[in-house]
file work.tsv (TSV, C-alpha atoms)
chain	number	residue	atom	x	y	z
P	964	MET	CA	0.00	0.00	0.00
P	965	ARG	CA	2.85	2.33	0.89
P	966	ASN	CA	4.50	1.66	-2.49
P	967	ILE	CA	1.29	2.55	-4.29
P	968	THR	CA	1.02	5.77	-2.29
P	969	ASN	CA	4.62	6.67	-3.06
P	970	LYS	CA	4.10	6.02	-6.77
P	971	LEU	CA	0.98	8.19	-6.81
P	972	SER	CA	2.83	10.97	-5.00
P	973	CYS	CA	5.66	10.84	-7.51
P	974	PHE	CA	3.18	10.85	-10.39
P	975	PHE	CA	1.31	13.92	-9.14
P	976	PHE	CA	4.58	15.68	-8.35
P	977	LEU	CA	5.72	15.03	-11.91
P	978	ILE	CA	2.47	16.40	-13.32
P	979	PHE	CA	2.74	19.46	-11.09
P	980	SER	CA	6.35	20.11	-12.15
P	981	VAL	CA	5.53	19.82	-15.85
P	982	THR	CA	2.62	22.22	-15.40
P	983	LEU	CA	4.85	24.78	-13.69
P	984	ILE	CA	7.49	24.52	-16.42
P	985	SER	CA	4.92	24.92	-19.19
P	986	CYS	CA	3.46	28.01	-17.53
P	987	ALA	CA	6.78	29.59	-16.62
P	988	THR	CA	7.82	32.80	-18.32
P	989	ILE	CA	11.25	32.56	-19.84
P	990	THR	CA	13.36	35.70	-19.96
P	991	VAL	CA	15.21	36.14	-23.22
P	992	ASN	CA	17.46	38.86	-24.55
P	993	VAL	CA	16.78	40.89	-27.67
P	994	TYR	CA	19.83	42.30	-29.38
P	995	PHE	CA	19.33	45.98	-30.13
P	996	PRO	CA	21.90	47.19	-32.71
P	997	ALA	CA	21.91	50.83	-31.63
P	998	GLU	CA	24.32	52.14	-34.26
P	999	GLU	CA	22.52	50.37	-37.10
P	1000	VAL	CA	19.11	51.57	-35.88
P	1001	LYS	CA	20.37	55.15	-35.86
P	1002	GLN	CA	21.80	54.71	-39.36
P	1003	ALA	CA	18.48	53.30	-40.60
P	1004	TYR	CA	16.63	56.34	-39.23
P	1005	THR	CA	19.14	58.65	-40.90
P	1006	ASN	CA	18.89	56.90	-44.26
P	1007	LEU	CA	15.09	56.96	-44.21
P	1008	GLU	CA	14.94	60.65	-43.24
P	1009	GLU	CA	17.35	61.52	-46.03
P	1010	GLU	CA	15.16	59.57	-48.47
P	1011	PHE	CA	11.74	60.80	-47.42
P	1012	LEU	CA	12.24	64.24	-45.86
P	1013	LEU	CA	12.88	66.51	-48.83
P	1014	GLU	CA	13.71	70.02	-47.69
P	1015	GLU	CA	12.79	73.02	-49.79
P	1016	ILE	CA	14.66	76.29	-49.16
P	1017	PRO	CA	12.62	79.41	-50.05
P	1018	GLU	CA	14.24	81.65	-52.66
P	1019	ASN	CA	14.16	84.68	-50.37
P	1020	GLU	CA	15.57	82.88	-47.33
P	1021	ASP	CA	18.77	84.42	-45.97
P	1022	THR	CA	20.82	81.45	-44.80
P	1023	THR	CA	23.51	83.73	-43.34
P	1024	SER	CA	21.22	85.51	-40.88
P	1025	PRO	CA	21.81	84.78	-37.19
P	1026	GLN	CA	19.54	82.39	-35.33
P	1027	ALA	CA	16.81	83.79	-33.14
P	1028	PRO	CA	17.72	84.05	-29.45
P	1029	PRO	CA	16.16	81.58	-27.02
P	1030	PRO	CA	12.77	82.60	-25.59
P	1031	PRO	CA	12.63	84.30	-22.18
P	1032	GLY	CA	12.90	81.90	-19.28
P	1033	SER	CA	14.70	79.20	-21.28
P	1034	SER	CA	17.60	77.35	-19.68
P	1035	LEU	CA	20.00	77.21	-22.61
P	1036	ARG	CA	23.20	77.86	-20.70
P	1037	GLU	CA	25.49	75.52	-22.60
P	1038	PHE	CA	26.30	74.66	-26.18
P	1039	TYR	CA	25.77	71.26	-27.64
P	1040	GLU	CA	28.67	69.45	-29.27
P	1041	GLU	CA	28.40	66.41	-31.51
P	1042	GLU	CA	28.07	63.15	-29.61
P	1043	PRO	CA	30.48	60.30	-30.31
P	1044	THR	CA	29.24	57.56	-32.60
P	1045	ILE	CA	27.32	54.89	-30.74
P	1046	THR	CA	29.07	51.56	-31.08
P	1047	VAL	CA	27.52	49.54	-28.27
P	1048	THR	CA	24.96	46.86	-29.08
P	1049	LYS	CA	22.46	46.86	-26.25
P	1050	VAL	CA	20.74	43.84	-24.78
P	1051	VAL	CA	17.16	44.37	-23.62
P	1052	PRO	CA	15.60	41.65	-21.43
P	1053	LEU	CA	12.21	40.58	-22.72
P	1054	THR	CA	9.72	37.85	-21.96
P	1055	GLY	CA	8.57	35.30	-24.46
P	1056	GLU	CA	8.53	31.65	-25.39
P	1057	PHE	CA	11.84	29.88	-24.99
P	1058	ASN	CA	13.61	29.67	-28.32
P	1059	PHE	CA	17.14	28.43	-28.91
P	1060	ASP	CA	17.30	30.47	-32.12
P	1061	LEU	CA	17.13	33.85	-30.38
P	1062	ILE	CA	19.28	35.68	-32.91
P	1063	ASN	CA	17.50	35.90	-36.22
P	1064	LYS	CA	19.48	35.11	-39.37
P	1065	ALA	CA	19.09	38.73	-40.42
P	1066	PHE	CA	21.66	39.73	-37.79
P	1067	ALA	CA	24.24	37.68	-39.64
P	1068	GLN	CA	23.86	39.86	-42.71
P	1069	GLU	CA	26.57	42.38	-43.45
P	1070	ASN	CA	24.36	45.46	-43.46
P	1071	ILE	CA	21.80	45.35	-40.65
P	1072	ALA	CA	20.75	48.95	-41.21
P	1073	ARG	CA	19.51	48.14	-44.72
P	1074	THR	CA	17.64	45.13	-43.37
P	1075	ILE	CA	15.88	47.34	-40.83
P	1076	GLU	CA	15.07	49.93	-43.50
P	1077	ALA	CA	13.49	47.27	-45.68
P	1078	GLU	CA	11.26	46.17	-42.79
P	1079	LEU	CA	10.09	49.73	-42.14
P	1080	LYS	CA	9.34	50.32	-45.82
P	1081	LYS	CA	6.97	47.35	-45.71
P	1082	MET	CA	4.84	49.21	-43.16
P	1083	PRO	CA	2.35	51.53	-44.97
P	1084	ASN	CA	1.66	53.56	-41.82
P	1085	VAL	CA	5.37	54.26	-41.33
P	1086	VAL	CA	5.84	55.35	-44.97
P	1087	LYS	CA	2.77	57.57	-44.67
P	1088	ALA	CA	4.18	59.11	-41.49
P	1089	PHE	CA	7.47	59.96	-43.23
P	1090	GLN	CA	5.60	61.50	-46.16
P	1091	ALA	CA	3.46	63.61	-43.83
P	1092	ARG	CA	6.57	64.80	-42.00
P	1093	SER	CA	8.14	65.75	-45.32
P	1094	ALA	CA	5.08	67.85	-46.21
P	1095	ARG	CA	5.27	69.85	-42.97
P	1096	ARG	CA	9.04	70.02	-42.69
P	1097	GLY	CA	9.18	73.73	-43.49
P	1098	LYS	CA	6.75	74.56	-40.70
P	1099	VAL	CA	8.57	72.35	-38.20
P	1100	ASN	CA	11.93	73.89	-39.10
P	1101	ALA	CA	10.45	77.36	-38.65
P	1102	LEU	CA	9.35	76.45	-35.11
P	1103	LEU	CA	12.80	75.05	-34.35
P	1104	SER	CA	14.61	78.06	-35.82
P	1105	SER	CA	12.54	80.45	-33.72
P	1106	ASN	CA	13.21	78.30	-30.64
P	1107	LYS	CA	9.50	77.93	-30.01
P	1108	VAL	CA	10.09	74.17	-29.86
P	1109	GLY	CA	13.12	71.97	-29.28
P	1110	GLU	CA	14.20	68.42	-30.05
P	1111	GLY	CA	13.46	66.34	-26.94
P	1112	ASN	CA	15.58	63.37	-25.85
P	1113	ASN	CA	12.57	61.08	-26.32
P	1114	GLY	CA	12.35	61.88	-30.03
P	1115	MET	CA	9.45	64.30	-29.68
P	1116	LEU	CA	9.21	68.04	-30.24
P	1117	VAL	CA	8.93	69.90	-26.94
P	1118	ALA	CA	7.38	73.36	-26.50
P	1119	ARG	CA	10.05	75.89	-25.46
P	1120	GLY	CA	8.16	79.14	-25.94
P	1121	ASP	CA	4.68	80.55	-26.52
P	1122	LEU	CA	2.87	78.61	-29.23
P	1123	THR	CA	-0.14	79.72	-31.23
P	1124	ALA	CA	-2.96	77.30	-31.95
P	1125	ALA	CA	-1.47	76.72	-35.40
P	1126	ASP	CA	1.96	76.05	-33.88
P	1127	LYS	CA	0.52	73.49	-31.46
P	1128	SER	CA	-1.30	71.79	-34.31
P	1129	VAL	CA	1.96	71.41	-36.26
P	1130	MET	CA	3.86	70.14	-33.20
P	1131	ASN	CA	1.17	67.61	-32.26
P	1132	ALA	CA	0.86	66.29	-35.82
P	1133	GLU	CA	4.64	65.93	-36.08
P	1134	ASN	CA	4.89	64.09	-32.76
P	1135	LYS	CA	2.07	61.75	-33.74
P	1136	ASP	CA	3.93	60.74	-36.90
P	1137	ARG	CA	7.20	60.38	-35.02
P	1138	LYS	CA	5.55	57.95	-32.60
P	1139	VAL	CA	4.32	55.87	-35.56
P	1140	ILE	CA	7.87	55.68	-36.93
P	1141	ILE	CA	9.40	54.76	-33.57
P	1142	LYS	CA	6.69	52.14	-33.05
P	1143	GLY	CA	7.52	50.73	-36.48
P	1144	MET	CA	11.20	50.50	-35.54
P	1145	THR	CA	10.23	48.70	-32.33
P	1146	VAL	CA	8.24	46.12	-34.28
P	1147	ALA	CA	11.09	45.67	-36.78
P	1148	ILE	CA	13.62	44.98	-34.03
P	1149	LEU	CA	11.32	42.45	-32.39
P	1150	LYS	CA	10.80	40.73	-35.73
P	1151	LEU	CA	14.54	40.51	-36.35
P	1152	ASN	CA	14.87	38.86	-32.94
P	1153	ASN	CA	12.11	36.39	-33.79
P	1154	LEU	CA	9.94	37.75	-30.98
P	1155	GLY	CA	6.27	38.70	-31.08
P	1156	ASP	CA	5.23	42.36	-30.98
P	1157	THR	CA	3.34	41.96	-27.74
P	1158	ALA	CA	2.55	44.97	-25.59
P	1159	ALA	CA	5.07	43.83	-22.96
P	1160	ASN	CA	7.87	43.40	-25.49
P	1161	GLU	CA	7.13	46.69	-27.23
P	1162	LYS	CA	7.20	48.50	-23.89
P	1163	LYS	CA	10.76	47.27	-23.31
P	1164	VAL	CA	12.16	48.06	-26.79
P	1165	TYR	CA	10.29	51.32	-27.57
P	1166	PRO	CA	12.45	53.52	-25.27
P	1167	GLU	CA	15.61	52.26	-26.98
P	1168	ALA	CA	14.12	52.95	-30.42
P	1169	ALA	CA	13.05	56.42	-29.26
P	1170	GLU	CA	16.52	57.15	-27.87
P	1171	GLN	CA	18.16	56.47	-31.24
P	1172	PHE	CA	15.53	58.51	-33.08
P	1173	ALA	CA	16.28	61.44	-30.76
P	1174	ALA	CA	20.00	61.03	-31.43
P	1175	THR	CA	19.27	61.15	-35.16
P	1176	ARG	CA	17.30	64.37	-34.75
P	1177	ARG	CA	20.06	65.97	-32.67
P	1178	ASP	CA	22.60	65.17	-35.36
P	1179	ALA	CA	20.32	66.66	-38.03
P	1180	SER	CA	19.61	69.81	-36.02
P	1181	LYS	CA	20.85	73.14	-37.36
P	1182	SER	CA	22.95	75.72	-35.59
P	1183	GLY	CA	20.96	77.58	-32.95
P	1184	TRP	CA	18.24	74.95	-32.50
P	1185	SER	CA	17.32	73.80	-29.00
P	1186	VAL	CA	18.19	70.17	-28.29
P	1187	GLN	CA	17.79	68.09	-25.17
P	1188	LEU	CA	20.77	65.94	-24.26
P	1189	PRO	CA	20.40	62.35	-22.99
P	1190	ASN	CA	20.98	63.61	-19.43
P	1191	GLY	CA	17.90	65.85	-19.72
P	1192	LYS	CA	19.74	69.18	-20.02
P	1193	TRP	CA	18.87	71.58	-22.81
P	1194	ALA	CA	21.48	73.13	-25.05
P	1195	ARG	CA	21.74	75.03	-28.28
P	1196	LYS	CA	23.24	73.27	-31.29
P	1197	ARG	CA	26.46	74.86	-32.48
call {"tool": "encode", "arguments": {"input": "work.tsv", "output": "C-alpha cells"}}
result
Amino acid sequence: MRNITNKLSCFFFLIFSVTLISCATITVNVYFPAEEVKQAYTNLEEEFLLEEIPENEDTTSPQAPPPPGSSLREFYEEEPTITVTKVVPLTGEFNFDLINKAFAQENIARTIEAELKKMPNVVKAFQARSARRGKVNALLSSNKVGEGNNGMLVARGDLTAADKSVMNAENKDRKVIIKGMTVAILKLNNLGDTAANEKKVYPEAAEQFAATRRDASKSGWSVQLPNGKWARKR
C-alpha cells in the first residue's frame, strides 16, 4: 500500500512540475543594434524628408535668441558615434534560435530599413513629415520648440494654436515611426510584438531617433541631451 502511495505521490509531483514549467515565463534577450538603428533612421529621413529652401531665405542671418525663461546655458557638441549593441531583457517563449538570421547579414541597417518600408503607416508618417518640414523647421529656428531626448518636439516658448497643431501632428507621426522601428527589431529577434515586449524596446528605439534628430539639427536649435539638459546646437 505504501508503495502505491509513493508512486501516486511521484506521479502527481511530476504532473505538477511539468505544469509549472509549461506556464513559466522565460526571460530572453533581444539584441538591439543601436548604431545600425540610428543609421536606418538617418537613411530613411534623407530619403523621405525633402527640404525646400525658399528663394528669399537668408541662410547667413543669425539664429533667433532663445525665448525668455529658457535654460539654454550651454552649447551642444556632436556626440560620439554609438558603437555599443544593447541587450534588452524581454519575456517570451523559450527559443534556442534567439538571434535571427538577419543579424548575420553584413548590413543590418539596410535590413531594418526594408522592414520599415513594408509598413504603410510608417511610410505615410514619413511623407506627412516631409510635407510639414518647413513649418517644423520654422518652429525650431525660432526656438519655439526643441528636439526632446525622447524623439518628440517639446514646447520651449509661446505657441499659437497653429503652432501646437503642427507640433502635435509631427509628434504623432514620429511615434508611428518609432513604433515601427520597435516592431522591426522584435521581428529581427524572432519575438512577437506583444505589448510587454514593445514596452521594453520602444524607449531604446526612441533614444536612437532622438540622437538622429540631434545630429540633423541646425545651428541655434534647441536640443535636449540624454541627461535631460537643454542646449543650443552649435
call {"tool": "residues_near_point", "arguments": {"input": "work.tsv", "point": "(8.4, 73.1, -26.1)", "cutoff": "6 Å", "atoms": "all atoms listed in the file", "output": "list of chain:residue names"}}
result
P:Val1108, P:Gly1109, P:Val1117, P:Ala1118, P:Arg1119
call {"tool": "write_last_selection", "arguments": {"input": "work.tsv", "atoms": "C-alpha atoms", "output": "PDB file, in the coordinates of the input"}}
result
ATOM      1  CA  VAL P1108      10.090  74.170 -29.860  1.00  0.00           C
ATOM      2  CA  GLY P1109      13.120  71.970 -29.280  1.00  0.00           C
ATOM      3  CA  VAL P1117       8.930  69.900 -26.940  1.00  0.00           C
ATOM      4  CA  ALA P1118       7.380  73.360 -26.500  1.00  0.00           C
ATOM      5  CA  ARG P1119      10.050  75.890 -25.460  1.00  0.00           C
TER       6      ARG P1119
END
call {"tool": "residues_around", "arguments": {"input": "work.tsv", "residues": "range 1002-1004 of chain P", "least_positions_apart": "6", "cutoff": "12 Å", "atoms": "all atoms listed in the file", "output": "VMD selection string"}}
result
chain P and resid 996 1010 to 1012 1044 to 1046 1070 to 1080 1085 1089 1114 1137 1140 to 1141 1143 to 1144 1147 to 1148 1168 to 1176 1178 to 1179
call {"tool": "closest_residue", "arguments": {"input": "work.tsv", "among": "P:Pro1189, P:Gly1155, P:Pro1083, P:Gly1183", "to": "Ala1101 in chain P", "atoms": "only C-alpha atoms"}}
result
P:Gly1183
call {"tool": "atom_distance", "arguments": {"input": "work.tsv", "atom1": "CA of Val1139 in chain P", "atom2": "CA of Ala1194 in chain P"}}
result
26.5 Å
call {"tool": "atom_distance", "arguments": {"input": "work.tsv", "atom1": "CA of Lys1135 in chain P", "atom2": "CA of Asn1153 in chain P"}}
result
27.3 Å
call {"tool": "closest_residue", "arguments": {"input": "work.tsv", "among": "P:Leu1151, P:Glu1008, P:Val1164, P:Ala1125", "to": "Ser1093 in chain P", "atoms": "only C-alpha atoms"}}
result
P:Glu1008
call {"tool": "atom_distance", "arguments": {"input": "work.tsv", "atom1": "CA of Lys1196 in chain P", "atom2": "CA of Arg1177 in chain P"}}
result
8.1 Å
call {"tool": "closest_residue", "arguments": {"input": "work.tsv", "among": "P:Asn1106, P:Asn1152, P:Lys1162, P:Lys1138", "to": "Arg1195 in chain P", "atoms": "only C-alpha atoms"}}
result
P:Asn1106
call {"tool": "residues_near_point", "arguments": {"input": "work.tsv", "point": "(17.5, 64.9, -24.0)", "cutoff": "8 Å", "atoms": "all atoms listed in the file", "output": "ChimeraX atom specification"}}
result
/P:1110-1113,1173,1186-1193
call {"tool": "decode", "arguments": {"input": "work.tsv", "residues": "range 1047-1183 of chain P", "atoms": "C-alpha atoms", "output": "mmCIF file, in the first residue's frame"}}
result
data_model
loop_
_atom_site.group_PDB
_atom_site.id
_atom_site.type_symbol
_atom_site.label_atom_id
_atom_site.label_comp_id
_atom_site.auth_asym_id
_atom_site.auth_seq_id
_atom_site.Cartn_x
_atom_site.Cartn_y
_atom_site.Cartn_z
ATOM 1 C CA VAL P 1047 27.519 49.541 -28.273
ATOM 2 C CA THR P 1048 24.963 46.865 -29.076
ATOM 3 C CA LYS P 1049 22.455 46.863 -26.249
ATOM 4 C CA VAL P 1050 20.737 43.840 -24.775
ATOM 5 C CA VAL P 1051 17.159 44.375 -23.625
ATOM 6 C CA PRO P 1052 15.603 41.648 -21.430
ATOM 7 C CA LEU P 1053 12.211 40.583 -22.724
ATOM 8 C CA THR P 1054 9.723 37.851 -21.964
ATOM 9 C CA GLY P 1055 8.569 35.302 -24.456
ATOM 10 C CA GLU P 1056 8.526 31.653 -25.393
ATOM 11 C CA PHE P 1057 11.837 29.880 -24.994
ATOM 12 C CA ASN P 1058 13.610 29.671 -28.323
ATOM 13 C CA PHE P 1059 17.139 28.431 -28.911
ATOM 14 C CA ASP P 1060 17.297 30.468 -32.125
ATOM 15 C CA LEU P 1061 17.129 33.848 -30.378
ATOM 16 C CA ILE P 1062 19.280 35.676 -32.910
ATOM 17 C CA ASN P 1063 17.502 35.905 -36.221
ATOM 18 C CA LYS P 1064 19.476 35.106 -39.370
ATOM 19 C CA ALA P 1065 19.088 38.735 -40.419
ATOM 20 C CA PHE P 1066 21.657 39.726 -37.793
ATOM 21 C CA ALA P 1067 24.242 37.684 -39.645
ATOM 22 C CA GLN P 1068 23.863 39.859 -42.710
ATOM 23 C CA GLU P 1069 26.573 42.380 -43.453
ATOM 24 C CA ASN P 1070 24.359 45.461 -43.462
ATOM 25 C CA ILE P 1071 21.802 45.351 -40.649
ATOM 26 C CA ALA P 1072 20.754 48.954 -41.209
ATOM 27 C CA ARG P 1073 19.515 48.137 -44.717
ATOM 28 C CA THR P 1074 17.636 45.133 -43.371
ATOM 29 C CA ILE P 1075 15.882 47.344 -40.832
ATOM 30 C CA GLU P 1076 15.070 49.934 -43.500
ATOM 31 C CA ALA P 1077 13.493 47.266 -45.677
ATOM 32 C CA GLU P 1078 11.265 46.172 -42.792
ATOM 33 C CA LEU P 1079 10.089 49.730 -42.136
ATOM 34 C CA LYS P 1080 9.340 50.318 -45.816
ATOM 35 C CA LYS P 1081 6.975 47.352 -45.707
ATOM 36 C CA MET P 1082 4.838 49.208 -43.159
ATOM 37 C CA PRO P 1083 2.349 51.531 -44.966
ATOM 38 C CA ASN P 1084 1.657 53.556 -41.821
ATOM 39 C CA VAL P 1085 5.368 54.263 -41.334
ATOM 40 C CA VAL P 1086 5.842 55.345 -44.965
ATOM 41 C CA LYS P 1087 2.770 57.572 -44.675
ATOM 42 C CA ALA P 1088 4.178 59.114 -41.486
ATOM 43 C CA PHE P 1089 7.468 59.957 -43.226
ATOM 44 C CA GLN P 1090 5.600 61.502 -46.156
ATOM 45 C CA ALA P 1091 3.456 63.613 -43.825
ATOM 46 C CA ARG P 1092 6.569 64.804 -42.004
ATOM 47 C CA SER P 1093 8.141 65.750 -45.320
ATOM 48 C CA ALA P 1094 5.081 67.853 -46.213
ATOM 49 C CA ARG P 1095 5.268 69.847 -42.967
ATOM 50 C CA ARG P 1096 9.042 70.016 -42.693
ATOM 51 C CA GLY P 1097 9.179 73.726 -43.491
ATOM 52 C CA LYS P 1098 6.747 74.561 -40.698
ATOM 53 C CA VAL P 1099 8.574 72.350 -38.197
ATOM 54 C CA ASN P 1100 11.932 73.889 -39.096
ATOM 55 C CA ALA P 1101 10.454 77.357 -38.651
ATOM 56 C CA LEU P 1102 9.352 76.454 -35.112
ATOM 57 C CA LEU P 1103 12.796 75.047 -34.350
ATOM 58 C CA SER P 1104 14.614 78.058 -35.820
ATOM 59 C CA SER P 1105 12.543 80.451 -33.725
ATOM 60 C CA ASN P 1106 13.211 78.297 -30.636
ATOM 61 C CA LYS P 1107 9.500 77.925 -30.012
ATOM 62 C CA VAL P 1108 10.091 74.169 -29.856
ATOM 63 C CA GLY P 1109 13.117 71.974 -29.280
ATOM 64 C CA GLU P 1110 14.203 68.417 -30.052
ATOM 65 C CA GLY P 1111 13.465 66.337 -26.942
ATOM 66 C CA ASN P 1112 15.577 63.370 -25.853
ATOM 67 C CA ASN P 1113 12.569 61.081 -26.322
ATOM 68 C CA GLY P 1114 12.348 61.876 -30.030
ATOM 69 C CA MET P 1115 9.445 64.298 -29.676
ATOM 70 C CA LEU P 1116 9.208 68.042 -30.235
ATOM 71 C CA VAL P 1117 8.930 69.899 -26.936
ATOM 72 C CA ALA P 1118 7.380 73.357 -26.497
ATOM 73 C CA ARG P 1119 10.046 75.888 -25.459
ATOM 74 C CA GLY P 1120 8.156 79.142 -25.939
ATOM 75 C CA ASP P 1121 4.678 80.547 -26.517
ATOM 76 C CA LEU P 1122 2.872 78.615 -29.230
ATOM 77 C CA THR P 1123 -0.139 79.717 -31.231
ATOM 78 C CA ALA P 1124 -2.963 77.297 -31.945
ATOM 79 C CA ALA P 1125 -1.473 76.718 -35.396
ATOM 80 C CA ASP P 1126 1.963 76.051 -33.879
ATOM 81 C CA LYS P 1127 0.523 73.493 -31.457
ATOM 82 C CA SER P 1128 -1.303 71.786 -34.314
ATOM 83 C CA VAL P 1129 1.955 71.414 -36.257
ATOM 84 C CA MET P 1130 3.859 70.140 -33.203
ATOM 85 C CA ASN P 1131 1.168 67.615 -32.261
ATOM 86 C CA ALA P 1132 0.862 66.289 -35.824
ATOM 87 C CA GLU P 1133 4.638 65.927 -36.076
ATOM 88 C CA ASN P 1134 4.887 64.093 -32.757
ATOM 89 C CA LYS P 1135 2.069 61.753 -33.743
ATOM 90 C CA ASP P 1136 3.931 60.740 -36.898
ATOM 91 C CA ARG P 1137 7.199 60.376 -35.017
ATOM 92 C CA LYS P 1138 5.548 57.950 -32.602
ATOM 93 C CA VAL P 1139 4.320 55.871 -35.564
ATOM 94 C CA ILE P 1140 7.874 55.680 -36.928
ATOM 95 C CA ILE P 1141 9.404 54.760 -33.566
ATOM 96 C CA LYS P 1142 6.694 52.138 -33.047
ATOM 97 C CA GLY P 1143 7.521 50.733 -36.480
ATOM 98 C CA MET P 1144 11.198 50.500 -35.536
ATOM 99 C CA THR P 1145 10.226 48.696 -32.334
ATOM 100 C CA VAL P 1146 8.239 46.122 -34.284
ATOM 101 C CA ALA P 1147 11.086 45.670 -36.785
ATOM 102 C CA ILE P 1148 13.624 44.985 -34.030
ATOM 103 C CA LEU P 1149 11.325 42.454 -32.387
ATOM 104 C CA LYS P 1150 10.802 40.733 -35.727
ATOM 105 C CA LEU P 1151 14.542 40.507 -36.351
ATOM 106 C CA ASN P 1152 14.870 38.857 -32.943
ATOM 107 C CA ASN P 1153 12.107 36.394 -33.795
ATOM 108 C CA LEU P 1154 9.939 37.754 -30.980
ATOM 109 C CA GLY P 1155 6.272 38.703 -31.081
ATOM 110 C CA ASP P 1156 5.228 42.356 -30.985
ATOM 111 C CA THR P 1157 3.341 41.957 -27.740
ATOM 112 C CA ALA P 1158 2.550 44.973 -25.585
ATOM 113 C CA ALA P 1159 5.072 43.833 -22.963
ATOM 114 C CA ASN P 1160 7.873 43.396 -25.492
ATOM 115 C CA GLU P 1161 7.129 46.695 -27.233
ATOM 116 C CA LYS P 1162 7.203 48.498 -23.893
ATOM 117 C CA LYS P 1163 10.755 47.271 -23.314
ATOM 118 C CA VAL P 1164 12.156 48.063 -26.791
ATOM 119 C CA TYR P 1165 10.287 51.316 -27.571
ATOM 120 C CA PRO P 1166 12.450 53.518 -25.266
ATOM 121 C CA GLU P 1167 15.608 52.262 -26.978
ATOM 122 C CA ALA P 1168 14.117 52.951 -30.416
ATOM 123 C CA ALA P 1169 13.049 56.421 -29.264
ATOM 124 C CA GLU P 1170 16.522 57.151 -27.874
ATOM 125 C CA GLN P 1171 18.163 56.470 -31.235
ATOM 126 C CA PHE P 1172 15.526 58.505 -33.078
ATOM 127 C CA ALA P 1173 16.275 61.439 -30.763
ATOM 128 C CA ALA P 1174 20.000 61.029 -31.435
ATOM 129 C CA THR P 1175 19.267 61.153 -35.163
ATOM 130 C CA ARG P 1176 17.303 64.373 -34.755
ATOM 131 C CA ARG P 1177 20.056 65.970 -32.666
ATOM 132 C CA ASP P 1178 22.598 65.171 -35.356
ATOM 133 C CA ALA P 1179 20.317 66.660 -38.031
ATOM 134 C CA SER P 1180 19.608 69.811 -36.023
ATOM 135 C CA LYS P 1181 20.850 73.140 -37.363
ATOM 136 C CA SER P 1182 22.947 75.717 -35.588
ATOM 137 C CA GLY P 1183 20.959 77.578 -32.949
#
